[in-house]
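Colleague: Supplied structure: query.cif, mmCIF, C-alpha atoms.
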data_my_file
#
loop_
_atom_site.group_PDB
_atom_site.id
_atom_site.type_symbol
_atom_site.label_atom_id
_atom_site.label_comp_id
_atom_site.auth_asym_id
_atom_site.auth_seq_id
_atom_site.Cartn_x
_atom_site.Cartn_y
_atom_site.Cartn_z
ATOM 1 C CA MET A 578 252.307 10.211 167.684
ATOM 2 C CA LYS A 579 250.600 10.353 164.381
ATOM 3 C CA MET A 580 253.592 8.716 162.795
ATOM 4 C CA MET A 581 253.420 5.744 165.162
ATOM 5 C CA SER A 582 249.700 5.153 164.493
ATOM 6 C CA PHE A 583 250.304 5.244 160.747
ATOM 7 C CA GLN A 584 253.057 2.661 161.049
ATOM 8 C CA ALA A 585 250.858 0.416 163.154
ATOM 9 C CA SER A 586 248.084 0.603 160.557
ATOM 10 C CA LEU A 587 250.462 -0.174 157.747
ATOM 11 C CA ALA A 588 251.821 -3.177 159.649
ATOM 12 C CA ALA A 589 248.300 -4.511 160.204
ATOM 13 C CA ALA A 590 247.503 -4.168 156.500
ATOM 14 C CA VAL A 591 250.673 -6.030 155.556
ATOM 15 C CA VAL A 592 249.802 -8.887 157.963
ATOM 16 C CA LEU A 593 246.258 -9.191 156.549
ATOM 17 C CA THR A 594 247.591 -9.224 152.985
ATOM 18 C CA ALA A 595 250.124 -11.948 153.813
ATOM 19 C CA ALA A 596 247.420 -14.048 155.497
ATOM 20 C CA TRP A 597 245.108 -13.688 152.476
ATOM 21 C CA LEU A 598 247.867 -14.746 150.090
ATOM 22 C CA ALA A 599 248.679 -17.808 152.246
ATOM 23 C CA THR A 600 245.064 -19.189 152.036
ATOM 24 C CA PRO A 601 244.063 -21.716 149.143
ATOM 25 C CA VAL A 602 242.317 -20.502 146.019
ATOM 26 C CA SER A 603 239.114 -22.427 146.811
ATOM 27 C CA ALA A 604 238.897 -20.575 150.089
ATOM 28 C CA GLN A 605 239.328 -17.281 148.271
ATOM 29 C CA THR A 606 236.125 -17.831 146.200
ATOM 30 C CA PRO A 607 233.453 -15.433 147.307
ATOM 31 C CA PRO A 608 230.127 -16.779 148.719
ATOM 32 C CA ALA A 609 228.272 -16.002 145.454
ATOM 33 C CA ALA A 610 230.316 -18.586 143.591
ATOM 34 C CA PRO A 611 228.176 -21.632 144.682
ATOM 35 C CA ALA A 612 225.091 -20.019 143.224
ATOM 36 C CA GLN A 613 226.870 -19.687 139.926
ATOM 37 C CA ALA A 614 228.026 -23.326 140.136
ATOM 38 C CA THR A 615 224.439 -24.489 140.671
ATOM 39 C CA ALA A 616 223.242 -22.281 137.870
ATOM 40 C CA GLN A 617 225.586 -23.927 135.409
ATOM 41 C CA PRO A 618 223.924 -27.398 135.616
ATOM 42 C CA ALA A 619 220.589 -25.723 135.174
ATOM 43 C CA ALA A 620 221.895 -23.981 132.137
ATOM 44 C CA THR A 621 223.327 -27.164 130.698
ATOM 45 C CA SER A 622 220.230 -29.266 131.499
ATOM 46 C CA PRO A 623 218.330 -28.343 128.278
ATOM 47 C CA ALA A 624 220.936 -30.220 126.270
ATOM 48 C CA PRO A 625 219.794 -33.702 127.455
ATOM 49 C CA VAL A 626 216.116 -32.684 127.087
ATOM 50 C CA ALA A 627 216.628 -31.721 123.473
ATOM 51 C CA ALA A 628 217.050 -35.354 122.477
ATOM 52 C CA PRO A 629 213.552 -36.442 123.613
ATOM 53 C CA ALA A 630 212.108 -33.340 122.021
ATOM 54 C CA ALA A 631 213.692 -34.299 118.746
ATOM 55 C CA ALA A 632 212.420 -37.860 119.056
ATOM 56 C CA ALA A 633 208.870 -36.761 119.871
ATOM 57 C CA PRO A 634 207.724 -36.289 116.253
ATOM 58 C CA ALA A 635 208.584 -39.909 115.511
ATOM 59 C CA ALA A 636 205.931 -41.197 117.998
ATOM 60 C CA PRO A 637 202.864 -40.172 115.960
ATOM 61 C CA SER A 638 204.245 -41.957 112.914
ATOM 62 C CA ALA A 639 204.446 -45.200 114.894
ATOM 63 C CA THR A 640 200.824 -44.867 116.079
ATOM 64 C CA ALA A 641 199.449 -43.588 112.783
ATOM 65 C CA PRO A 642 197.413 -46.780 111.992
ATOM 66 C CA ALA A 643 195.683 -46.518 115.377
ATOM 67 C CA ALA A 644 194.653 -42.953 114.575
ATOM 68 C CA VAL A 645 193.066 -44.117 111.309
ATOM 69 C CA LYS A 646 190.802 -46.677 112.996
ATOM 70 C CA PRO A 647 188.370 -44.135 114.485
ATOM 71 C CA ASP A 648 187.992 -42.571 111.071
ATOM 72 C CA THR A 649 187.289 -45.959 109.567
ATOM 73 C CA ALA A 650 184.698 -46.719 112.242
ATOM 74 C CA ALA A 651 183.156 -43.320 111.655
ATOM 75 C CA GLY A 652 182.889 -44.162 107.969
ATOM 76 C CA ILE A 653 181.195 -47.508 108.641
ATOM 77 C CA ALA A 654 178.687 -46.176 111.160
ATOM 78 C CA PRO A 655 176.793 -43.907 108.724
ATOM 79 C CA ALA A 656 176.532 -46.769 106.255
ATOM 80 C CA MET A 657 174.907 -48.964 108.906
ATOM 81 C CA LYS A 658 172.543 -46.166 109.886
ATOM 82 C CA GLU A 659 171.414 -45.852 106.265
ATOM 83 C CA LEU A 660 170.237 -49.500 106.262
ATOM 84 C CA SER A 661 166.550 -48.503 106.292
ATOM 85 C CA PRO A 662 163.748 -50.618 104.742
ATOM 86 C CA TRP A 663 163.570 -48.366 101.695
ATOM 87 C CA VAL A 664 167.348 -48.529 101.131
ATOM 88 C CA MET A 665 167.266 -52.312 101.556
ATOM 89 C CA PHE A 666 164.423 -52.570 99.053
ATOM 90 C CA MET A 667 166.196 -50.419 96.481
ATOM 91 C CA SER A 668 169.435 -52.395 96.801
ATOM 92 C CA ALA A 669 167.762 -55.831 96.721
ATOM 93 C CA ASP A 670 167.809 -58.276 93.831
ATOM 94 C CA VAL A 671 165.140 -58.088 91.106
ATOM 95 C CA ILE A 672 163.465 -61.310 92.271
ATOM 96 C CA VAL A 673 163.408 -60.138 95.878
ATOM 97 C CA LYS A 674 161.969 -56.793 94.768
ATOM 98 C CA ALA A 675 159.202 -58.583 92.854
ATOM 99 C CA VAL A 676 158.392 -60.674 95.942
ATOM 100 C CA MET A 677 158.246 -57.583 98.151
ATOM 101 C CA ILE A 678 156.001 -55.712 95.689
ATOM 102 C CA GLY A 679 153.648 -58.695 95.430
ATOM 103 C CA LEU A 680 153.411 -59.024 99.195
ATOM 104 C CA ALA A 681 152.786 -55.300 99.589
ATOM 105 C CA PHE A 682 149.972 -55.541 97.024
ATOM 106 C CA ALA A 683 148.528 -58.536 98.899
ATOM 107 C CA SER A 684 148.586 -56.546 102.133
ATOM 108 C CA LEU A 685 146.789 -53.683 100.375
ATOM 109 C CA MET A 686 144.129 -56.113 99.150
ATOM 110 C CA THR A 687 143.671 -57.412 102.698
ATOM 111 C CA TRP A 688 142.887 -53.982 104.100
ATOM 112 C CA THR A 689 140.670 -53.175 101.105
ATOM 113 C CA VAL A 690 138.622 -56.341 101.709
ATOM 114 C CA LEU A 691 138.394 -55.448 105.397
ATOM 115 C CA ILE A 692 136.872 -52.043 104.662
ATOM 116 C CA ALA A 693 134.570 -53.253 101.872
ATOM 117 C CA LYS A 694 133.264 -56.348 103.672
ATOM 118 C CA SER A 695 132.755 -54.482 106.933
ATOM 119 C CA ILE A 696 130.541 -51.948 105.193
ATOM 120 C CA GLU A 697 128.715 -54.632 103.205
ATOM 121 C CA LEU A 698 127.983 -56.890 106.175
ATOM 122 C CA SER A 699 126.915 -54.053 108.455
ATOM 123 C CA VAL A 700 124.554 -52.603 105.843
ATOM 124 C CA ALA A 701 123.082 -56.007 104.896
ATOM 125 C CA SER A 702 122.548 -57.015 108.533
ATOM 126 C CA SER A 703 120.866 -53.723 109.436
ATOM 127 C CA LYS A 704 118.561 -53.889 106.390
ATOM 128 C CA LEU A 705 117.572 -57.489 107.115
ATOM 129 C CA ARG A 706 116.819 -56.765 110.781
ATOM 130 C CA SER A 707 114.693 -53.807 109.775
ATOM 131 C CA ALA A 708 112.789 -55.936 107.236
ATOM 132 C CA LEU A 709 112.145 -58.661 109.801
ATOM 133 C CA LYS A 710 110.699 -56.094 112.182
ATOM 134 C CA LYS A 711 108.378 -54.791 109.467
ATOM 135 C CA VAL A 712 106.942 -58.211 108.551
ATOM 136 C CA ALA A 713 106.714 -59.454 112.122
ATOM 137 C CA GLU A 714 103.041 -58.400 112.336
ATOM 138 C CA ALA A 715 102.109 -59.280 108.733
ATOM 139 C CA ARG A 716 99.376 -61.914 108.304
ATOM 140 C CA SER A 717 99.940 -62.862 104.664
ATOM 141 C CA LEU A 718 102.568 -62.735 101.934
ATOM 142 C CA ALA A 719 100.815 -59.875 100.187
ATOM 143 C CA GLU A 720 100.630 -57.847 103.384
ATOM 144 C CA ALA A 721 104.325 -58.477 104.021
ATOM 145 C CA GLN A 722 105.213 -57.309 100.530
ATOM 146 C CA MET A 723 103.193 -54.155 101.045
ATOM 147 C CA ALA A 724 105.007 -53.513 104.334
ATOM 148 C CA LEU A 725 108.404 -53.843 102.667
ATOM 149 C CA GLY A 726 107.476 -51.868 99.565
ATOM 150 C CA ALA A 727 109.588 -52.017 96.440
ATOM 151 C CA LYS A 728 112.889 -52.298 98.310
ATOM 152 C CA GLY A 729 115.216 -55.090 97.353
ATOM 153 C CA GLY A 730 116.835 -57.523 99.728
ATOM 154 C CA ILE A 731 116.934 -61.096 100.830
ATOM 155 C CA LEU A 732 113.540 -61.099 102.572
ATOM 156 C CA PRO A 733 111.654 -59.691 99.547
ATOM 157 C CA SER A 734 113.311 -62.459 97.524
ATOM 158 C CA PHE A 735 111.873 -65.088 99.885
ATOM 159 C CA LEU A 736 108.426 -63.529 99.700
ATOM 160 C CA ALA A 737 108.531 -63.339 95.916
ATOM 161 C CA ALA A 738 109.624 -66.992 95.678
ATOM 162 C CA ALA A 739 106.786 -68.062 98.002
ATOM 163 C CA LEU A 740 104.156 -66.117 96.026
ATOM 164 C CA ARG A 741 105.472 -67.480 92.746
ATOM 165 C CA GLU A 742 105.280 -71.057 93.999
ATOM 166 C CA ALA A 743 101.773 -70.511 95.391
ATOM 167 C CA ARG A 744 100.629 -69.050 92.086
ATOM 168 C CA MET A 745 102.236 -71.796 89.998
ATOM 169 C CA SER A 746 100.760 -74.483 92.276
ATOM 170 C CA ALA A 747 97.202 -73.096 92.114
ATOM 171 C CA GLY A 748 94.629 -75.864 91.747
ATOM 172 C CA LEU A 749 96.800 -78.500 93.422
ATOM 173 C CA SER A 750 95.329 -80.148 96.472
ATOM 174 C CA SER A 751 98.612 -81.085 98.208
ATOM 175 C CA ASP A 752 99.851 -78.344 100.521
ATOM 176 C CA ALA A 753 102.888 -80.453 101.484
ATOM 177 C CA GLY A 754 104.119 -80.386 97.893
ATOM 178 C CA ILE A 755 103.809 -76.586 97.754
ATOM 179 C CA LYS A 756 105.723 -76.136 100.999
ATOM 180 C CA GLU A 757 108.401 -78.572 99.868
ATOM 181 C CA ARG A 758 108.941 -76.779 96.584
ATOM 182 C CA ALA A 759 108.947 -73.406 98.333
ATOM 183 C CA ALA A 760 111.544 -74.698 100.823
ATOM 184 C CA SER A 761 113.719 -75.837 97.931
ATOM 185 C CA SER A 762 113.515 -72.362 96.424
ATOM 186 C CA PHE A 763 114.416 -70.852 99.788
ATOM 187 C CA GLN A 764 117.494 -73.073 100.066
ATOM 188 C CA GLU A 765 118.691 -71.934 96.658
ATOM 189 C CA ILE A 766 118.281 -68.315 97.715
ATOM 190 C CA VAL A 767 120.180 -68.966 100.965
ATOM 191 C CA ARG A 768 123.056 -70.647 99.139
ATOM 192 C CA ALA A 769 123.253 -67.823 96.615
ATOM 193 C CA GLU A 770 123.275 -65.247 99.409
ATOM 194 C CA ALA A 771 125.994 -67.192 101.269
ATOM 195 C CA ARG A 772 128.151 -67.238 98.133
ATOM 196 C CA ARG A 773 127.599 -63.538 97.625
ATOM 197 C CA ILE A 774 128.399 -62.549 101.191
ATOM 198 C CA ARG A 775 131.576 -64.663 101.224
ATOM 199 C CA VAL A 776 133.063 -62.945 98.178
ATOM 200 C CA GLY A 777 136.526 -61.700 99.117
ATOM 201 C CA MET A 778 137.044 -64.132 101.975
ATOM 202 C CA GLY A 779 138.776 -66.566 99.655
ATOM 203 C CA VAL A 780 141.311 -63.850 98.887
ATOM 204 C CA LEU A 781 141.971 -63.433 102.611
ATOM 205 C CA ALA A 782 142.412 -67.179 103.060
ATOM 206 C CA THR A 783 144.844 -67.354 100.142
ATOM 207 C CA ILE A 784 146.895 -64.395 101.372
ATOM 208 C CA GLY A 785 147.006 -65.688 104.932
ATOM 209 C CA SER A 786 148.167 -69.167 103.915
ATOM 210 C CA THR A 787 150.657 -68.352 101.135
ATOM 211 C CA SER A 788 152.248 -65.013 102.101
ATOM 212 C CA PRO A 789 154.734 -66.492 104.627
ATOM 213 C CA PHE A 790 155.969 -68.992 102.058
ATOM 214 C CA VAL A 791 156.283 -66.334 99.364
ATOM 215 C CA GLY A 792 158.289 -64.179 101.762
ATOM 216 C CA LEU A 793 160.439 -67.186 102.659
ATOM 217 C CA PHE A 794 161.168 -67.729 98.970
ATOM 218 C CA GLY A 795 162.401 -64.135 98.716
ATOM 219 C CA THR A 796 164.559 -64.656 101.808
ATOM 220 C CA VAL A 797 166.129 -67.840 100.442
ATOM 221 C CA TRP A 798 166.854 -66.147 97.137
ATOM 222 C CA GLY A 799 168.404 -63.109 98.831
ATOM 223 C CA ILE A 800 170.592 -65.166 101.171
ATOM 224 C CA MET A 801 171.745 -67.256 98.228
ATOM 225 C CA ASN A 802 172.847 -64.075 96.457
ATOM 226 C CA SER A 803 174.558 -62.902 99.665
ATOM 227 C CA PHE A 804 176.600 -66.096 99.862
ATOM 228 C CA ILE A 805 177.550 -65.724 96.228
ATOM 229 C CA GLY A 806 178.739 -62.179 96.979
ATOM 230 C CA ILE A 807 180.727 -63.445 99.968
ATOM 231 C CA SER A 808 182.483 -66.013 97.814
ATOM 232 C CA LYS A 809 183.323 -63.379 95.207
ATOM 233 C CA SER A 810 184.617 -60.841 97.724
ATOM 234 C CA GLN A 811 186.421 -63.570 99.716
ATOM 235 C CA THR A 812 185.612 -61.932 103.026
ATOM 236 C CA THR A 813 183.329 -62.676 105.949
ATOM 237 C CA ASN A 814 183.324 -59.136 107.324
ATOM 238 C CA LEU A 815 179.948 -58.356 108.930
ATOM 239 C CA ALA A 816 179.814 -54.974 107.209
ATOM 240 C CA VAL A 817 179.894 -56.785 103.846
ATOM 241 C CA VAL A 818 177.566 -59.684 104.740
ATOM 242 C CA ALA A 819 174.921 -57.916 106.836
ATOM 243 C CA PRO A 820 173.236 -55.730 104.154
ATOM 244 C CA GLY A 821 172.452 -58.656 101.851
ATOM 245 C CA ILE A 822 171.083 -60.803 104.676
ATOM 246 C CA ALA A 823 169.006 -57.880 105.984
ATOM 247 C CA GLU A 824 167.506 -57.356 102.515
ATOM 248 C CA ALA A 825 166.618 -61.049 102.346
ATOM 249 C CA LEU A 826 164.996 -61.067 105.786
ATOM 250 C CA LEU A 827 162.940 -58.016 104.831
ATOM 251 C CA ALA A 828 160.988 -60.225 102.399
ATOM 252 C CA THR A 829 159.988 -62.582 105.208
ATOM 253 C CA ALA A 830 158.995 -59.635 107.395
ATOM 254 C CA ILE A 831 156.720 -58.247 104.658
ATOM 255 C CA GLY A 832 155.227 -61.726 104.164
ATOM 256 C CA LEU A 833 154.323 -61.917 107.848
ATOM 257 C CA VAL A 834 152.922 -58.380 107.756
ATOM 258 C CA ALA A 835 150.636 -59.469 104.924
ATOM 259 C CA ALA A 836 149.699 -62.883 106.357
ATOM 260 C CA ILE A 837 148.944 -62.147 110.018
ATOM 261 C CA PRO A 838 146.257 -59.460 109.401
ATOM 262 C CA ALA A 839 144.739 -61.599 106.636
ATOM 263 C CA VAL A 840 144.245 -64.551 109.001
ATOM 264 C CA ILE A 841 142.806 -62.351 111.756
ATOM 265 C CA ILE A 842 140.434 -60.560 109.363
ATOM 266 C CA TYR A 843 139.333 -63.874 107.821
ATOM 267 C CA ASN A 844 138.377 -65.273 111.235
ATOM 268 C CA HIS A 845 136.557 -62.032 112.067
ATOM 269 C CA PHE A 846 134.502 -62.168 108.868
ATOM 270 C CA SER A 847 133.767 -65.859 109.394
ATOM 271 C CA ARG A 848 132.007 -64.959 112.645
ATOM 272 C CA MET A 849 130.214 -61.993 111.088
ATOM 273 C CA THR A 850 129.103 -64.068 108.090
ATOM 274 C CA LYS A 851 127.772 -66.800 110.347
ATOM 275 C CA GLY A 852 125.680 -64.250 112.235
ATOM 276 C CA TYR A 853 124.350 -62.778 108.999
ATOM 277 C CA LEU A 854 123.408 -66.202 107.632
ATOM 278 C CA GLU A 855 121.443 -66.864 110.823
ATOM 279 C CA LEU A 856 119.422 -63.731 110.041
ATOM 280 C CA VAL A 857 118.891 -65.084 106.521
ATOM 281 C CA SER A 858 117.573 -68.343 107.988
ATOM 282 C CA ARG A 859 115.176 -66.319 110.147
ATOM 283 C CA ALA A 860 113.941 -64.523 107.033
ATOM 284 C CA SER A 861 113.442 -67.848 105.273
ATOM 285 C CA GLY A 862 111.422 -69.152 108.223
ATOM 286 C CA ALA A 863 109.302 -65.978 108.274
ATOM 287 C CA ALA A 864 108.453 -66.380 104.572
ATOM 288 C CA ALA A 865 107.663 -70.083 105.056
ATOM 289 C CA ARG A 866 105.275 -69.268 107.922
ATOM 290 C CA LEU A 867 103.481 -66.640 105.860
ATOM 291 C CA LEU A 868 103.108 -69.118 102.983
ATOM 292 C CA SER A 869 101.713 -71.740 105.348
ATOM 293 C CA ARG A 870 99.151 -69.233 106.674
ATOM 294 C CA ASP A 871 98.068 -68.307 103.151
ATOM 295 C CA LEU A 872 97.652 -71.979 102.219
ATOM 296 C CA ASP A 873 95.643 -72.723 105.334
ATOM 297 C CA ARG A 874 93.582 -69.616 104.801
ATOM 298 C CA SER A 875 92.857 -70.501 101.171
ATOM 299 C CA HIS A 876 91.857 -74.043 102.082
ATOM 300 C CA GLY A 877 89.674 -72.757 104.907
ATOM 301 C CA SER A 878 87.850 -70.414 102.555
ATOM 302 C CA ALA A 879 87.470 -73.241 100.029
ATOM 303 C CA HIS A 880 86.006 -75.530 102.674
ATOM 304 C CA SER A 881 83.626 -72.806 103.813
ATOM 305 C CA ARG A 882 82.443 -72.247 100.250
ATOM 306 C CA ALA A 883 82.006 -75.990 99.813
ATOM 307 C CA ALA A 884 79.992 -76.165 103.005
ATOM 308 C CA GLU A 885 77.750 -73.381 101.779
#
Could you quickly redo this structure as structure tokens?
Modeller:
Amino acid sequence: MKMMSFQASLAAAVVLTAAWLATPVSAQTPPAAPAQATAQPAATSPAPVAAPAAAAPAAPSATAPAAVKPDTAAGIAPAMKELSPWVMFMSADVIVKAVMIGLAFASLMTWTVLIAKSIELSVASSKLRSALKKVAEARSLAEAQMALGAKGGILPSFLAAALREARMSAGLSSDAGIKERAASSFQEIVRAEARRIRVGMGVLATIGSTSPFVGLFGTVWGIMNSFIGISKSQTTNLAVVAPGIAEALLATAIGLVAAIPAVIIYNHFSRMTKGYLELVSRASGAAARLLSRDLDRSHGSAHSRAAE
């Protein structure tokens, strides 16, 4: 029995072996073979990729000029930022520098005149108003002089001129002649005071009228030099042309800075001077009234003595 089962098993093994040998080779490949076949293309795929990787370093060399442009722009930007007024002045032509220095000095003179004349006019006006208040109740020239004391000023000058004319005209019977001569002396004092108080205003008028043209001369000279530089460099690049033109325009800017305040300050002082001269005219009228009272008083006393 055991022998028959062994023979049956052997026969089955022989049949299976013959069937396996009769099948094609492709059918004999185990199931793991497709995974290996798919792995082979993946393994061979780096070969085509290696070519682009080798060509990659050549790309930066083709775009190298484009990479330099940001550096160039970065180099130009600081130069434009350094275009300050002081740098433009230092790099300007000698003639343009002289124009700028002259205009700066003119501007300094303008502000100096403003401070000096403001103090002078305010002090003179306050002193004259105070003097007019003191002599408002005076009845004669001598009493007015005593009220003012030994202080100097325009009103004491009027009083002194009136007393001098009255003393020099003593014994004359014509009061009209004395008043006329005293009025002439007063006019001379007023004109002298007007000349004195206007000192410095001529400087303001000159600066205000000529500074723009002086600055324009510096601008024309600077632009002319810029065009000469353009012709020598044979380029119209803005980075080359702009500094010279900016230096030239700086002269015009300084001229306007000097001229505009000078004109405004001149008009301001014209109004202040006019107001002060009106006070001077009031002082002249006060002295003339005191002289007229003294003359009438002296003639009245003379008539009373004659009547006695």
Colleague: CA of Gly779 in chain A and CA of Ala836 in chain A, how far apart in Å?
Modeller: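 Computed distance, CA of Ala836 in chain A to CA of Gly779 in chain A, equals 13.3 Å.
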Colleague: Can you tell me which residues surround Thr850 in chain A at a distance of at most 8 Å, considering only C-alpha atoms, apart from same-chain residues fewer than 6 positions away, and format the answer as JSON, numbers by chain?
Modeller: {"A": [698, 774, 775]}
Colleague: Of the residues A:Arg706, A:Leu680, A:Glu824, A:Arg773, which is the one nearest to Trp663 in chain A, using all atoms listed in the file?
Modeller: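 Among the listed residues, the smallest separation from Trp663 in chain A belongs to A:Glu824.
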Colleague: Run the PyMOL selection byres ((chain A and resi 799) around 12) against the file shown and list the residues it catches, as a PyMOL selection string.
Modeller: chain A and resi 665-666+668-677+792-798+800-806+818-829
Colleague: Going by the chain IDs and residue numbers used in this file, which residues fall under the PyMOL selection byres ((chain A and resi 778) around 12)? Write them as number ranges by chain.
Modeller: A: 686-691, 693-695, 771-777, 779-785, 839-850
Colleague: Calculate how many Å separate CA of Pro789 in chain A from CA of Gly832 in chain A, rounding to one decimal.
Modeller: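 Here the two named atoms are 4.8 Å from each other.
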Colleague: Between CA of Ile837 in chain A and CA of Ser788 in chain A, what is the distance in Å, rounded to a tenth?
Modeller: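 Atom-to-atom, CA of Ile837 in chain A and CA of Ser788 in chain A are spaced 9.0 Å apart.
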Colleague: Apply the PyMOL selection byres ((chain A and resi 862-868) around 7) to the displayed file and report the matching residues as an MDAnalysis selection string.
Modeller: chainID A and resid 716:718 735:736 739 858:861 869:872
Colleague: So which one's closest to Leu709 in chain A, A:Leu685, A:Ile831, A:Ile755, A:Ala721? Using only C-alpha atoms, please.
Modeller: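 Ranked by minimum distance to Leu709 in chain A, first place goes to A:Ala721.
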Colleague: Given the choices A:Glu765, A:Gly679, A:Met723, A:Gly754, which gets closest to Thr787 in chain A if the distance is worked out from all atoms listed in the file?
Modeller: A:Gly679
Colleague: Could you put an axis-aligned box around every listed atom of range 831-835 of chain A, padded by 3 Å on each side, and send me its centre and edge lengths in Å to one decimal, as lines of an AutoDock Vina configuration file?
Modeller:
center_x = 153.7
center_y = -60.1
center_z = 106.0
size_x = 12.1
size_y = 9.7
size_z = 9.7
